[in-house]
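A short write-up of the structure that comes next.
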Amino acid sequence: MLRSLLLLGAFGAFAVTNAFSPIAGSLSLRRALPSVISNRFPLSLLSVSCGPRPIHTKFTVEKATEEQKAELGVKNWGVWSTKGSAKYIVGKRSPLKVYDCNELSYIISGKMEIIPEETGEAVLVQAGDFVTFPDGFPCYWHVIEEINKHYYIY
């Protein structure tokens with residue numbers, strides 16, 4: 001999870017980011033950071049904003065809203081495309097891909113089918129969708145139209 005605090009003071013604005021993994025057990029840092037900051041700065045000077053974060057724990061495809069995109073800061077995520085890929089060719093099924101991390105993607109343009117190895121049933125993914133790929137998720141991609149996406153790895 002990523003939380004950013006914007007500190008407004010006499011010397012300008014400062015961003016303090018607290019990035020932690022819930023799995024890594026940084027709970028004490030998560031609890032301690034706000035009290036350390038609030039002891040030095042009045043709470044009226046703090047504003048909390050959200051950034052990229054997971055929205056699901058299982059493979060999920062859903063339409064993104066403008067509010068979600070803004071809240072998650074999608075336009076600031078990395079960008080990737082299937083263009084020129086030897087692995088993800090339009091009209092062909094990819095080799096098996098097993099995700100080695102969690103990924104949340106926002107599809108900017110294009111269309112593909114994700115075929116989970118477990119079910120073998122194609123799930124349509126297209127422009128405007130959020131796609132959650134959990135760590136260890138095995139699937140095939142069938143690219144119908146070249147994919148351009150924003151992605152966040154966590």
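All residue names refer to the structure tokens as shown: chains lettered A, B, ... in order, residues numbered from 1 in each chain, ligands numbered from 1 in order.
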
Name the residues of range 53-91 of chain A that fall into helix (DSSP H, G or I) according to DSSP on the backbone, using the chain letters and numbers of this document, as a PyMOL selection string.
chain A and resi 66-72+74-76

For Trp141 in chain A, find every residue with an atom within 12 Å (counting only C-alpha atoms), except residues of its own chain fewer than 2 positions away, and show them as a ChimeraX atom specification.
/A:82,87-98,111-117,120-125,138-139,143-147

For the strand (DSSP E or B) assignment from backbone DSSP, which residues of range 38-144 of chain A qualify? Please present them as a ChimeraX atom specification.
/A:46-50,60-63,78-81,93,97-98,103-116,123-126,129-133,138-144

If you count only C-alpha atoms, the residue of A:Tyr106, A:His150, A:Cys101, A:Asn76 closest to Ala64 in chain A turns out to be A:Tyr106

Could you tell me how far CA of Gly136 in chain A lies from CA of Tyr154 in chain A, in Å and to one decimal?
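Distance between the two atoms: 12.9 Å.
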
Can you work out the spacing between CA of Ile107 in chain A and CA of Glu66 in chain A in Å, to one decimal?
13.2 Å

Would you please work out which residue, of A:Thr132, A:Ser85, A:Gln126, A:Ser109, is nearest to Phe59 in chain A when using only C-alpha atoms?
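Of the candidates, the smallest distance to Phe59 in chain A is held by A:Thr132.
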
Quick one: distance from CA of Trp80 in chain A to CA of Val131 in chain A in Å, one decimal?
13.9 Å

I'd like the neighbourhood of Lys69 in chain A as a list in words, where a residue qualifies if any of its atoms comes within 12 Å (using only C-alpha atoms), though same-chain residues fewer than 5 positions away should be ignored.
Cys50, Gly51, Pro52, Arg53, Ile55, Lys63, Ala64, Val74, Lys75, Asn76, Trp77, Leu104, Ser105, Tyr106, Ile107, Ile108, Gly128, Asp129, Phe130, His150 and Tyr151 of chain A

Compile the contact shell of Glu103 in chain A as a list in words: residues with an atom at most 6 Å away, counting only C-alpha atoms, same-chain residues fewer than 6 positions apart removed.
Thr132, Phe133, Tyr152 and Ile153 of chain A
